[in-house]
Amino acid sequence: MVLKIGLTGGIGSGKSTACEIFSGFGVPVIDADIIAHNLVKPGMPVLKAIINEFGKEIVTKDGSLNRKKLRDLVFMNETDRKNLENILHPAIFNEIAHEIEGLVSKYCIIALPLLLETGASNIIDRILVIDLPRELQISRALIRDNVSKSDIEAIMHTQISPEDRLAVADDIVKNDGDIDNLRRQICDLHRFYTSI
């Protein structure tokens with residue numbers, strides 16, 4: 001049986017970089033964000049359900065999802081956000097389960113930015129949190145996403161607090177240093193996960 005490691009952390013914490021490092025060790029990485037992007041391609045049933053819920057104005061002329069328009073809509077309205085999650089999350093979890101079935105690795109990484117917010121912790125064996133100080137998190141997200149500080153803080157407000165995330169973590173990586181420091185910590189975890 002494949003050991004399922006749920007990797008999570010707030011916006012700008014370095015989840016993608018951590019996944020790249022694990023992948024470099026030959027570890028299968030299942031990324032919920034990539035799955036979500038694939039599920040909302042034109043013609044996909046999930047996109048059709050989103051259009052039914054939010055209207056045709058959330059798609060572009062070529063039939064693609066207007067992510068910014070949808071994001072702005074759901075961040076302004078808690079009910080809309082929940083309705084979107086009720087459409088997306090079951091489909092994402094089904095696809096994750098499908099991808100796990102085909103694995104023959106000792107362990108895999110399942111990158112779930114909203115692992116704790118969505119109640120997805122029941123599909124994984126261990127929770128790995130990528131953690132860093134708030135101000136560093138904001139500055140990294142600002143550089144990466146080219147959005148305002150208030151936008152970053154609004155996103156952070158919708159996510160579980162760092163304290164609550166750390167309270168349920170089985171493993172923690174402190175991403176407050178350089179890439180080599182991150183790589184060393186992940187190398188240690190890789191040895192640990194392959195030994196379980």
# chains A, B, ... in the order shown; residues from 1 in each chain; ligands from 1
$ residues_around --residues "Gly14 in chain A" --least-positions-apart "4" --cutoff "9 Å" --atoms "only C-alpha atoms" --output "compact mmCIF listing (two decimals) with all heavy atoms, in the first residue's frame"
# COMPACT_ATOMS: atom_id res chain seq x y z
N GLY A 9 -0.01 24.01 3.10
CA GLY A 9 0.60 25.24 3.60
C GLY A 9 -0.13 26.41 3.02
O GLY A 9 -0.88 26.27 2.04
N GLY A 10 0.07 27.57 3.59
CA GLY A 10 -0.62 28.77 3.11
C GLY A 10 -0.08 29.26 1.78
O GLY A 10 0.92 28.74 1.26
N ALA A 18 8.54 22.60 -2.94
CA ALA A 18 8.68 21.36 -2.18
C ALA A 18 8.28 20.16 -3.04
O ALA A 18 8.96 19.13 -3.05
CB ALA A 18 7.85 21.42 -0.90
N CYS A 19 7.19 20.30 -3.78
CA CYS A 19 6.74 19.21 -4.66
C CYS A 19 7.78 18.91 -5.73
O CYS A 19 8.02 17.73 -6.05
CB CYS A 19 5.40 19.58 -5.31
SG CYS A 19 4.00 19.48 -4.19
N ILE A 130 4.14 22.92 5.13
CA ILE A 130 5.23 23.84 4.79
C ILE A 130 4.91 25.15 5.49
O ILE A 130 3.87 25.76 5.22
CB ILE A 130 5.34 24.06 3.25
CG1 ILE A 130 5.33 22.73 2.51
CG2 ILE A 130 6.58 24.88 2.93
CD1 ILE A 130 6.50 21.82 2.77
N ASP A 131 5.79 25.58 6.38
CA ASP A 131 5.50 26.73 7.23
C ASP A 131 6.58 27.80 7.09
O ASP A 131 7.75 27.48 6.82
CB ASP A 131 5.40 26.27 8.69
CG ASP A 131 4.95 27.37 9.62
OD1 ASP A 131 3.91 27.98 9.36
OD2 ASP A 131 5.66 27.64 10.62
N LEU A 132 6.19 29.05 7.26
CA LEU A 132 7.14 30.16 7.26
C LEU A 132 6.47 31.36 7.92
O LEU A 132 5.25 31.39 8.07
CB LEU A 132 7.58 30.51 5.83
CG LEU A 132 6.61 31.22 4.88
CD1 LEU A 132 7.35 31.68 3.63
CD2 LEU A 132 5.46 30.34 4.50
N GLN A 137 5.89 35.03 4.01
CA GLN A 137 4.84 34.42 3.18
C GLN A 137 4.22 35.47 2.26
O GLN A 137 4.07 35.25 1.05
CB GLN A 137 3.78 33.81 4.10
CG GLN A 137 2.66 33.11 3.39
CD GLN A 137 1.63 32.55 4.38
OE1 GLN A 137 1.77 32.66 5.59
NE2 GLN A 137 0.58 31.96 3.85
N ARG A 140 6.78 36.71 -0.48
CA ARG A 140 6.99 35.72 -1.54
C ARG A 140 5.77 35.62 -2.46
O ARG A 140 5.91 35.50 -3.68
CB ARG A 140 7.30 34.35 -0.93
CG ARG A 140 8.70 34.26 -0.34
CD ARG A 140 8.99 32.89 0.22
NE ARG A 140 10.34 32.81 0.76
CZ ARG A 140 10.81 31.77 1.42
NH1 ARG A 140 10.04 30.70 1.62
NH2 ARG A 140 12.04 31.77 1.90
N ASN A 175 10.22 26.71 5.92
CA ASN A 175 10.73 27.27 4.67
C ASN A 175 11.06 28.76 4.83
O ASN A 175 10.58 29.61 4.10
CB ASN A 175 9.71 27.07 3.54
CG ASN A 175 10.31 27.39 2.19
OD1 ASN A 175 11.52 27.45 2.03
ND2 ASN A 175 9.45 27.61 1.20
$ residues_around --residues "Phe25 in chain A" --least-positions-apart "5" --cutoff "10 Å" --atoms "only C-alpha atoms" --output "PyMOL selection string"
chain A and resi 20+186-187+190
$ closest_residue --among "A:Ala169, A:Ile96, A:Leu189, A:Ile11" --to "His157 in chain A" --atoms "only C-alpha atoms"
A:Ile11
$ select_by_dssp --residues "range 81-175 of chain A" --states "strand (DSSP E)" --output "list of chain:residue names"
A:Tyr107, A:Cys108, A:Ile109, A:Ile110, A:Ala111, A:Arg126, A:Ile127, A:Leu128, A:Val129, A:Ile130, A:Asp131, A:Asp171, A:Ile172, A:Val173, A:Lys174
$ write_last_selection --atoms "C-alpha atoms" --output "PDB file, in the first residue's frame"
ATOM      1  CA  TYR A 107       4.915   6.789  -0.847  1.00  0.00           C
ATOM      2  CA  CYS A 108       3.380   9.677  -2.749  1.00  0.00           C
ATOM      3  CA  ILE A 109       2.866  13.368  -2.167  1.00  0.00           C
ATOM      4  CA  ILE A 110      -0.645  14.746  -2.515  1.00  0.00           C
ATOM      5  CA  ALA A 111      -0.428  18.534  -2.757  1.00  0.00           C
ATOM      6  CA  ARG A 126       0.274  11.881   7.169  1.00  0.00           C
ATOM      7  CA  ILE A 127       0.035  15.681   7.034  1.00  0.00           C
ATOM      8  CA  LEU A 128       3.142  17.596   5.964  1.00  0.00           C
ATOM      9  CA  VAL A 129       2.947  21.357   6.536  1.00  0.00           C
ATOM     10  CA  ILE A 130       5.227  23.837   4.792  1.00  0.00           C
ATOM     11  CA  ASP A 131       5.498  26.729   7.231  1.00  0.00           C
ATOM     12  CA  ASP A 171       5.653  16.626   9.817  1.00  0.00           C
ATOM     13  CA  ILE A 172       6.746  20.269   9.429  1.00  0.00           C
ATOM     14  CA  VAL A 173       9.166  21.879   7.003  1.00  0.00           C
ATOM     15  CA  LYS A 174      10.317  25.390   7.943  1.00  0.00           C
TER      16      LYS A 174
END
$ select_by_dssp --residues "range 23-137 of chain A" --states "alpha helix (DSSP H)" --output "number ranges by chain"
A: 23-24, 32-39, 45-54, 67-76, 78-101, 134-137
$ atom_distance --atom1 "CA of Lys4 in chain A" --atom2 "CA of Leu114 in chain A"
15.9 Å
$ closest_atom_pairs --of "range 28-51 of chain A" --to "range 61-81 of chain A" --cutoff "12 Å" --atoms "only C-alpha atoms" --output "tab-separated table"
residue	atom	partner	partner_atom	distance
A:Ala36	CA	A:Arg67	CA	11.5
A:His37	CA	A:Leu65	CA	9.5
A:Asn38	CA	A:Leu65	CA	11.0
A:Leu39	CA	A:Leu65	CA	10.6
A:Val40	CA	A:Leu65	CA	6.9
A:Lys41	CA	A:Ser64	CA	6.5
A:Pro42	CA	A:Ser64	CA	5.5
A:Gly43	CA	A:Gly63	CA	8.2
A:Met44	CA	A:Ser64	CA	10.4
A:Val46	CA	A:Leu65	CA	10.8
A:Leu47	CA	A:Leu65	CA	7.5
A:Lys48	CA	A:Leu65	CA	10.0
A:Ala49	CA	A:Leu65	CA	11.8
A:Ile50	CA	A:Leu65	CA	9.2
A:Ile51	CA	A:Leu65	CA	8.9
$ write_last_selection --atoms "C-alpha atoms" --output "mmCIF file, in the first residue's frame"
data_model
loop_
_atom_site.group_PDB
_atom_site.id
_atom_site.type_symbol
_atom_site.label_atom_id
_atom_site.label_comp_id
_atom_site.auth_asym_id
_atom_site.auth_seq_id
_atom_site.Cartn_x
_atom_site.Cartn_y
_atom_site.Cartn_z
ATOM 1 C CA ALA A 36 -8.702 21.314 -10.661
ATOM 2 C CA HIS A 37 -7.379 23.094 -13.761
ATOM 3 C CA ASN A 38 -7.963 19.980 -15.879
ATOM 4 C CA LEU A 39 -11.474 19.490 -14.509
ATOM 5 C CA VAL A 40 -12.602 22.943 -15.656
ATOM 6 C CA LYS A 41 -11.400 22.747 -19.252
ATOM 7 C CA PRO A 42 -14.037 23.574 -21.902
ATOM 8 C CA GLY A 43 -16.575 20.791 -22.293
ATOM 9 C CA MET A 44 -15.775 19.113 -18.967
ATOM 10 C CA VAL A 46 -17.340 20.143 -13.802
ATOM 11 C CA LEU A 47 -17.133 23.347 -15.864
ATOM 12 C CA LYS A 48 -20.720 22.796 -17.005
ATOM 13 C CA ALA A 49 -21.817 22.470 -13.367
ATOM 14 C CA ILE A 50 -19.976 25.695 -12.480
ATOM 15 C CA ILE A 51 -21.661 27.522 -15.376
#
$ closest_residue --among "A:Val27, A:Leu182, A:Ile92, A:Ile34" --to "Ser13 in chain A" --atoms "only C-alpha atoms"
A:Leu182
$ closest_residue --among "A:Arg134, A:Ile160, A:Arg165, A:Thr194" --to "Gly26 in chain A" --atoms "only C-alpha atoms"
A:Thr194
$ atom_distance --atom1 "CA of Ser150 in chain A" --atom2 "CA of Pro162 in chain A"
18.2 Å
$ atom_distance --atom1 "CA of Ile35 in chain A" --atom2 "CA of Leu112 in chain A"
10.5 Å
